[in-house]
Every structure is written in structure tokens, then in C-alpha cells.
$ cat data-v4.json   # JSON, C-alpha atoms
[["chain", "number", "residue", "atom", "x", "y", "z"],
["A", 26, "GLU", "CA", 7.82, 3.40, 4.14],
["A", 27, "GLY", "CA", 6.87, 2.91, 0.48],
["A", 28, "LYS", "CA", 4.28, 5.70, 0.59],
["A", 29, "SER", "CA", 6.65, 8.18, 2.24],
["A", 30, "ALA", "CA", 9.36, 7.32, -0.30],
["A", 31, "THR", "CA", 6.85, 7.97, -3.10],
["A", 32, "VAL", "CA", 5.89, 11.31, -1.51],
["A", 33, "ARG", "CA", 9.57, 12.29, -1.28],
["A", 34, "LEU", "CA", 10.13, 11.30, -4.92],
["A", 35, "ALA", "CA", 7.06, 13.21, -6.12],
["A", 36, "LEU", "CA", 8.03, 16.27, -4.08],
["A", 37, "ALA", "CA", 11.58, 16.19, -5.44],
["A", 38, "VAL", "CA", 10.27, 15.94, -9.00],
["A", 39, "LEU", "CA", 7.84, 18.82, -8.45],
["A", 40, "LEU", "CA", 10.53, 21.06, -6.97],
["A", 41, "ALA", "CA", 13.02, 20.21, -9.73],
["A", 42, "GLU", "CA", 10.64, 20.23, -12.69],
["A", 43, "GLY", "CA", 7.96, 22.69, -11.54],
["A", 44, "HIS", "CA", 5.02, 20.52, -12.64],
["A", 45, "LEU", "CA", 3.95, 16.97, -11.87],
["A", 46, "LEU", "CA", 1.34, 14.64, -13.36],
["A", 47, "ILE", "CA", 0.40, 11.60, -11.28],
["A", 48, "GLU", "CA", -1.29, 8.75, -13.15],
["A", 49, "ASP", "CA", -2.79, 5.53, -11.84],
["A", 50, "VAL", "CA", -5.79, 3.24, -11.97],
["A", 51, "PRO", "CA", -8.61, 4.04, -9.52],
["A", 52, "GLY", "CA", -7.76, 3.30, -5.92],
["A", 53, "VAL", "CA", -3.96, 3.26, -6.01],
["A", 54, "GLY", "CA", -3.71, 6.69, -4.40],
["A", 55, "LYS", "CA", -3.05, 9.45, -6.92],
["A", 56, "THR", "CA", -5.27, 12.01, -5.19],
["A", 57, "THR", "CA", -3.90, 11.18, -1.74],
["A", 58, "LEU", "CA", -0.34, 11.44, -3.03],
["A", 59, "ALA", "CA", -1.05, 14.74, -4.80],
["A", 60, "ARG", "CA", -2.56, 16.22, -1.61],
["A", 61, "MET", "CA", 0.34, 14.97, 0.53],
["A", 62, "VAL", "CA", 2.83, 16.57, -1.86],
["A", 63, "THR", "CA", 1.03, 19.92, -2.02],
["A", 64, "ASP", "CA", 0.45, 19.96, 1.75],
["A", 65, "SER", "CA", 4.17, 19.56, 2.38],
["A", 66, "LEU", "CA", 5.10, 22.61, 0.26],
["A", 67, "GLY", "CA", 3.92, 25.28, 2.68],
["A", 68, "ARG", "CA", 2.62, 27.36, -0.22],
["A", 69, "PRO", "CA", -0.86, 28.49, -1.23],
["A", 70, "VAL", "CA", -2.66, 25.72, -3.13],
["A", 71, "ARG", "CA", -5.69, 26.16, -5.36],
["A", 72, "TRP", "CA", -7.42, 22.80, -5.87],
["A", 73, "ALA", "CA", -9.73, 22.13, -8.79],
["A", 74, "ALA", "CA", -11.55, 18.81, -8.67],
["A", 75, "CYS", "CA", -12.82, 17.91, -12.12],
["A", 76, "THR", "CA", -16.07, 16.04, -12.54],
["A", 77, "GLU", "CA", -18.31, 14.98, -15.39],
["A", 78, "SER", "CA", -20.54, 17.95, -14.50],
["A", 79, "SER", "CA", -17.70, 20.49, -14.58],
["A", 80, "ARG", "CA", -16.60, 19.12, -17.96],
["A", 81, "ALA", "CA", -19.86, 20.37, -19.49],
["A", 82, "ILE", "CA", -19.10, 23.99, -18.48],
["A", 83, "PRO", "CA", -16.37, 26.07, -20.14],
["A", 84, "LEU", "CA", -13.75, 26.70, -17.42],
["A", 85, "GLY", "CA", -15.91, 24.60, -15.10],
["A", 86, "ALA", "CA", -12.93, 23.36, -13.09],
["A", 87, "PHE", "CA", -11.60, 26.90, -12.70],
["A", 88, "ALA", "CA", -14.98, 28.61, -12.11],
["A", 89, "PRO", "CA", -14.12, 29.72, -8.53],
["A", 90, "TRP", "CA", -11.33, 31.90, -9.95],
["A", 91, "VAL", "CA", -13.29, 33.60, -12.74],
["A", 92, "ALA", "CA", -14.37, 37.12, -11.76],
["A", 93, "PRO", "CA", -18.08, 37.83, -12.16],
["A", 94, "THR", "CA", -18.82, 39.63, -15.41],
["A", 95, "ALA", "CA", -21.66, 40.22, -17.83],
["A", 96, "SER", "CA", -19.39, 39.23, -20.72],
["A", 97, "ARG", "CA", -19.94, 35.88, -22.41],
["A", 98, "ASP", "CA", -16.51, 35.99, -24.02],
["A", 99, "PRO", "CA", -14.66, 32.75, -23.13],
["A", 100, "ILE", "CA", -11.28, 34.44, -23.64],
["A", 101, "ALA", "CA", -12.18, 37.10, -21.06],
["A", 102, "ALA", "CA", -13.12, 34.36, -18.60],
["A", 103, "LEU", "CA", -9.86, 32.51, -19.32],
["A", 104, "VAL", "CA", -7.83, 35.70, -18.75],
["A", 105, "SER", "CA", -9.74, 36.41, -15.54],
["A", 106, "ALA", "CA", -9.07, 32.93, -14.13],
["A", 107, "ARG", "CA", -5.41, 33.12, -15.14],
["A", 108, "GLU", "CA", -4.92, 36.53, -13.49],
["A", 109, "THR", "CA", -6.47, 35.29, -10.25],
["A", 110, "LEU", "CA", -4.41, 32.08, -10.22],
["A", 111, "VAL", "CA", -1.05, 33.78, -10.83],
["A", 112, "ALA", "CA", -1.70, 36.80, -8.59],
["A", 113, "GLU", "CA", 0.03, 35.29, -5.56],
["A", 114, "PRO", "CA", 3.65, 34.27, -6.23],
["A", 115, "GLY", "CA", 4.49, 30.65, -5.45],
["A", 116, "THR", "CA", 0.94, 29.41, -5.94],
["A", 117, "VAL", "CA", 0.45, 25.72, -6.62],
["A", 118, "ILE", "CA", -2.45, 24.58, -8.78],
["A", 119, "GLY", "CA", -3.82, 21.14, -7.99],
["A", 120, "ILE", "CA", -5.99, 19.49, -10.64],
["A", 121, "ASP", "CA", -7.67, 16.27, -9.57],
["A", 122, "ASP", "CA", -8.87, 14.10, -12.46],
["A", 123, "ALA", "CA", -7.43, 16.32, -15.22],
["A", 124, "HIS", "CA", -8.74, 13.82, -17.78],
["A", 125, "MET", "CA", -12.15, 15.41, -17.12],
["A", 126, "LEU", "CA", -11.10, 18.98, -17.94],
["A", 127, "ASP", "CA", -13.21, 20.82, -20.50],
["A", 128, "GLN", "CA", -11.30, 22.19, -23.48],
["A", 129, "LEU", "CA", -11.06, 25.77, -22.20],
["A", 130, "SER", "CA", -9.82, 24.61, -18.77],
["A", 131, "ALA", "CA", -7.28, 22.33, -20.46],
["A", 132, "THR", "CA", -6.10, 25.30, -22.51],
["A", 133, "LEU", "CA", -5.69, 27.39, -19.37],
["A", 134, "LEU", "CA", -3.74, 24.60, -17.67],
["A", 135, "HIS", "CA", -1.55, 24.31, -20.77],
["A", 136, "GLN", "CA", -0.82, 28.05, -20.75],
["A", 137, "LEU", "CA", -0.02, 28.07, -17.02],
["A", 138, "ALA", "CA", 2.38, 25.16, -17.42],
["A", 139, "ILE", "CA", 4.20, 26.57, -20.43],
["A", 140, "ASP", "CA", 4.54, 30.01, -18.81],
["A", 141, "ARG", "CA", 5.75, 28.38, -15.58],
["A", 142, "ALA", "CA", 3.63, 30.99, -13.81],
["A", 143, "VAL", "CA", 2.64, 28.49, -11.09],
["A", 144, "HIS", "CA", 3.55, 25.01, -9.93],
["A", 145, "ILE", "CA", 1.11, 22.33, -11.07],
["A", 146, "VAL", "CA", 0.24, 18.97, -9.56],
["A", 147, "ALA", "CA", -2.32, 17.14, -11.67],
["A", 148, "THR", "CA", -3.79, 13.65, -11.54],
["A", 149, "VAL", "CA", -5.22, 11.50, -14.32],
["A", 150, "ARG", "CA", -6.73, 8.04, -14.36],
["A", 151, "SER", "CA", -4.91, 5.49, -16.49],
["A", 152, "GLY", "CA", -6.78, 4.43, -19.59],
["A", 153, "GLU", "CA", -8.95, 7.56, -19.81],
["A", 154, "THR", "CA", -8.98, 9.91, -22.76],
["A", 155, "VAL", "CA", -7.09, 13.05, -21.75],
["A", 156, "PRO", "CA", -7.58, 16.44, -23.46],
["A", 157, "ASP", "CA", -4.91, 17.07, -26.10],
["A", 158, "ALA", "CA", -3.68, 20.20, -24.30],
["A", 159, "VAL", "CA", -2.88, 18.09, -21.21],
["A", 160, "THR", "CA", -1.37, 15.18, -23.15],
["A", 161, "SER", "CA", 0.96, 17.55, -24.96],
["A", 162, "LEU", "CA", 2.28, 18.85, -21.63],
["A", 163, "TRP", "CA", 3.88, 15.54, -20.72],
["A", 164, "LYS", "CA", 4.82, 14.66, -24.28],
["A", 165, "ASP", "CA", 6.59, 18.01, -24.69],
["A", 166, "GLY", "CA", 8.28, 17.76, -21.28],
["A", 167, "TYR", "CA", 6.36, 20.48, -19.40],
["A", 168, "LEU", "CA", 4.82, 18.04, -16.90],
["A", 169, "HIS", "CA", 6.81, 15.20, -15.39],
["A", 170, "ARG", "CA", 4.61, 12.08, -15.47],
["A", 171, "LEU", "CA", 4.73, 9.71, -12.50],
["A", 172, "GLU", "CA", 2.84, 6.42, -12.89],
["A", 173, "LEU", "CA", 1.80, 4.81, -9.64],
["A", 174, "GLN", "CA", 1.81, 1.04, -9.50],
["A", 175, "ASN", "CA", -0.32, -1.43, -7.58],
["A", 176, "LEU", "CA", 1.22, -2.80, -4.41],
["A", 177, "THR", "CA", 3.29, -5.97, -4.47],
["A", 178, "LYS", "CA", 2.10, -9.06, -2.63],
["A", 179, "GLU", "CA", 4.50, -8.30, 0.22],
["A", 180, "GLN", "CA", 3.34, -4.67, 0.45],
["A", 181, "CYS", "CA", -0.30, -5.82, 0.56],
["A", 182, "ALA", "CA", 0.41, -8.20, 3.42],
["A", 183, "GLU", "CA", 2.39, -5.54, 5.30],
["A", 184, "LEU", "CA", -0.41, -2.99, 4.91],
["A", 185, "VAL", "CA", -3.11, -5.42, 6.07],
["A", 186, "GLU", "CA", -0.97, -6.49, 9.03],
["A", 187, "ARG", "CA", -0.37, -2.87, 10.00],
["A", 188, "VAL", "CA", -4.08, -2.06, 9.84],
["A", 189, "LEU", "CA", -5.12, -5.20, 11.73],
["A", 190, "GLY", "CA", -2.28, -4.92, 14.25],
["A", 191, "GLY", "CA", -1.22, -8.54, 13.88],
["A", 192, "SER", "CA", 0.24, -11.17, 11.62],
["A", 193, "LEU", "CA", -1.46, -12.43, 8.50],
["A", 194, "GLU", "CA", -1.47, -16.14, 7.73],
["A", 195, "GLY", "CA", 0.07, -17.10, 4.35],
["A", 196, "LEU", "CA", -3.10, -18.42, 2.69],
["A", 197, "SER", "CA", -5.02, -15.30, 3.75],
["A", 198, "ALA", "CA", -2.25, -13.09, 2.36],
["A", 199, "ASP", "CA", -2.47, -15.00, -0.94],
["A", 200, "VAL", "CA", -6.25, -14.64, -1.14],
["A", 201, "ILE", "CA", -6.15, -10.92, -0.26],
["A", 202, "TRP", "CA", -3.48, -10.23, -2.85],
["A", 203, "ASP", "CA", -5.22, -12.31, -5.54],
["A", 204, "SER", "CA", -8.56, -10.61, -4.82],
["A", 205, "SER", "CA", -7.21, -7.05, -4.71],
["A", 206, "GLY", "CA", -4.61, -7.27, -7.46],
["A", 207, "GLY", "CA", -2.50, -5.01, -5.26],
["A", 208, "ASN", "CA", -4.98, -2.14, -5.44],
["A", 209, "PRO", "CA", -5.21, -0.44, -2.00],
["A", 210, "LEU", "CA", -8.84, 0.53, -2.64],
["A", 211, "PHE", "CA", -9.79, -3.16, -2.76],
["A", 212, "LEU", "CA", -7.68, -4.15, 0.23]]
$ encode --input "data-v4.json" --output "C-alpha cells"
Amino acid sequence: EGKSATVRLALAVLLAEGHLLIEDVPGVGKTTLARMVTDSLGRPVRWAACTESSRAIPLGAFAPWVAPTASRDPIAALVSARETLVAEPGTVIGIDDAHMLDQLSATLLHQLAIDRAVHIVATVRSGETVPDAVTSLWKDGYLHRLELQNLTKEQCAELVERVLGGSLEGLSADVIWDSSGGNPLFL
């Protein structure tokens, strides 16, 4: 129930605001939530999963949408990626781990958000350094920021009981909650 309520909230925010940034610590479910939201839209979604490797390449996260060219001009590559991404009306751009965007990719994301040319669902990990272009999007109100929280003790017990198909004894529930801190990844 809690997860579906969070999906409904995130979807409502995305539809009302146009852009959504989901933030959490590792394991709480930002990527899963982002995918559930975009899957429920019934629109074309272009997912870019950022990694440490893609961060080292200008437009690394958006490389699949840059047309092949002999030019080494980064602006030409940025324009190419932008044209491809906005070509189909109603497109949703999903950016997983936006804190790992290279500067040129962050600039492209910033431009797309300000122009409202696409819908954006991005995720960032709490506590990570985020490119200035991305940070300014939520500070200036272009991206609505949704911070996911760890599960409560009761939610942890309910989840474990659902997975196990039975009741959880009180001491075990206490130990599981204390050990996991409410993080679903550790449950």
C-alpha cells in the first residue's frame, strides 16, 4: 500500500509539474519508483543510466541519441542529442543516478527542463555531489524534488511478513529493523 501510494504521489507530481527528481539513500527504491512512474505513463521513455564510466565522456549518458558525425564540436553533439530527444512529442527522459552526469549532459538536462520540451524523471543519491546544472533545477523550481524515506519499523515487519508468507515474532521484527535501519535493500 505504501509503495503504490508513493507511485501515485510521484505520478501526480510529474503530471502537474512536468519534471520530477527522486532522491534517496542507496536501497530505498528510487530507481524502482522512477521506472514504475514512467511505465505507468504510456508514453515513449528514453532512459539514461549514468555511471562513473559515462561521467568521463562528454554527453556520455546521452550518447545513444547523438547522431554520428566527424565533428568534435561538443555543441554540435549537444544539439544533436537534444533534437533526437525532443523529436517525438510527449517523450519522457529518465535519468538514473543524475549525480553522475558529466557537465555537458547536465547542461543538456538543464536545457530540456527549462524549455519543458520533454517530461523528466531523474534520480539522485542522497549525500552525493550533484552537478550545478542539476542542483539549480530543483532550487529554481524546474524539478520537483521527492525525498524517499526508509521504512518504519511497522512497514519493515509488514514487508518481511508478506515476503515470508507468515507472522514475524516481535524480537525478530526488532532485530530486523535495527539491522536494516528501515532500508529495503538490507531487509
$ closest_residue --input "data-v4.json" --among "A:Ile201, A:Ala112, A:Leu133, A:Ala74" --to "Ile100 of chain A" --atoms "all atoms listed in the file"
A:Leu133
$ residues_around --input "data-v4.json" --residues "segment 128-130 of chain A" --least-positions-apart "4" --cutoff "8 Å" --atoms "only C-alpha atoms" --output "PyMOL selection string"
chain A and resi 83-87+99+103+134+156+158
$ residues_around --input "data-v4.json" --residues "Val62 of chain A" --least-positions-apart "6" --cutoff "12 Å" --atoms "all atoms listed in the file" --output "ChimeraX atom specification"
/A:28-40,44-47,55-56,68,70,117-119,144-147
$ atom_distance --input "data-v4.json" --atom1 "atom CA of Asp140 of chain A" --atom2 "atom CA of Thr94 of chain A"
25.5 Å
$ residues_around --input "data-v4.json" --residues "Tyr167 of chain A" --least-positions-apart "4" --cutoff "8 Å" --atoms "all atoms listed in the file" --output "list of chain:residue names"
A:Glu42, A:His44, A:Ala138, A:Ile139, A:Leu162, A:Trp163
$ closest_residue --input "data-v4.json" --among "A:Asp165, A:Glu48, A:Glu186, A:Glu153" --to "Met125 of chain A" --atoms "only C-alpha atoms"
A:Glu153
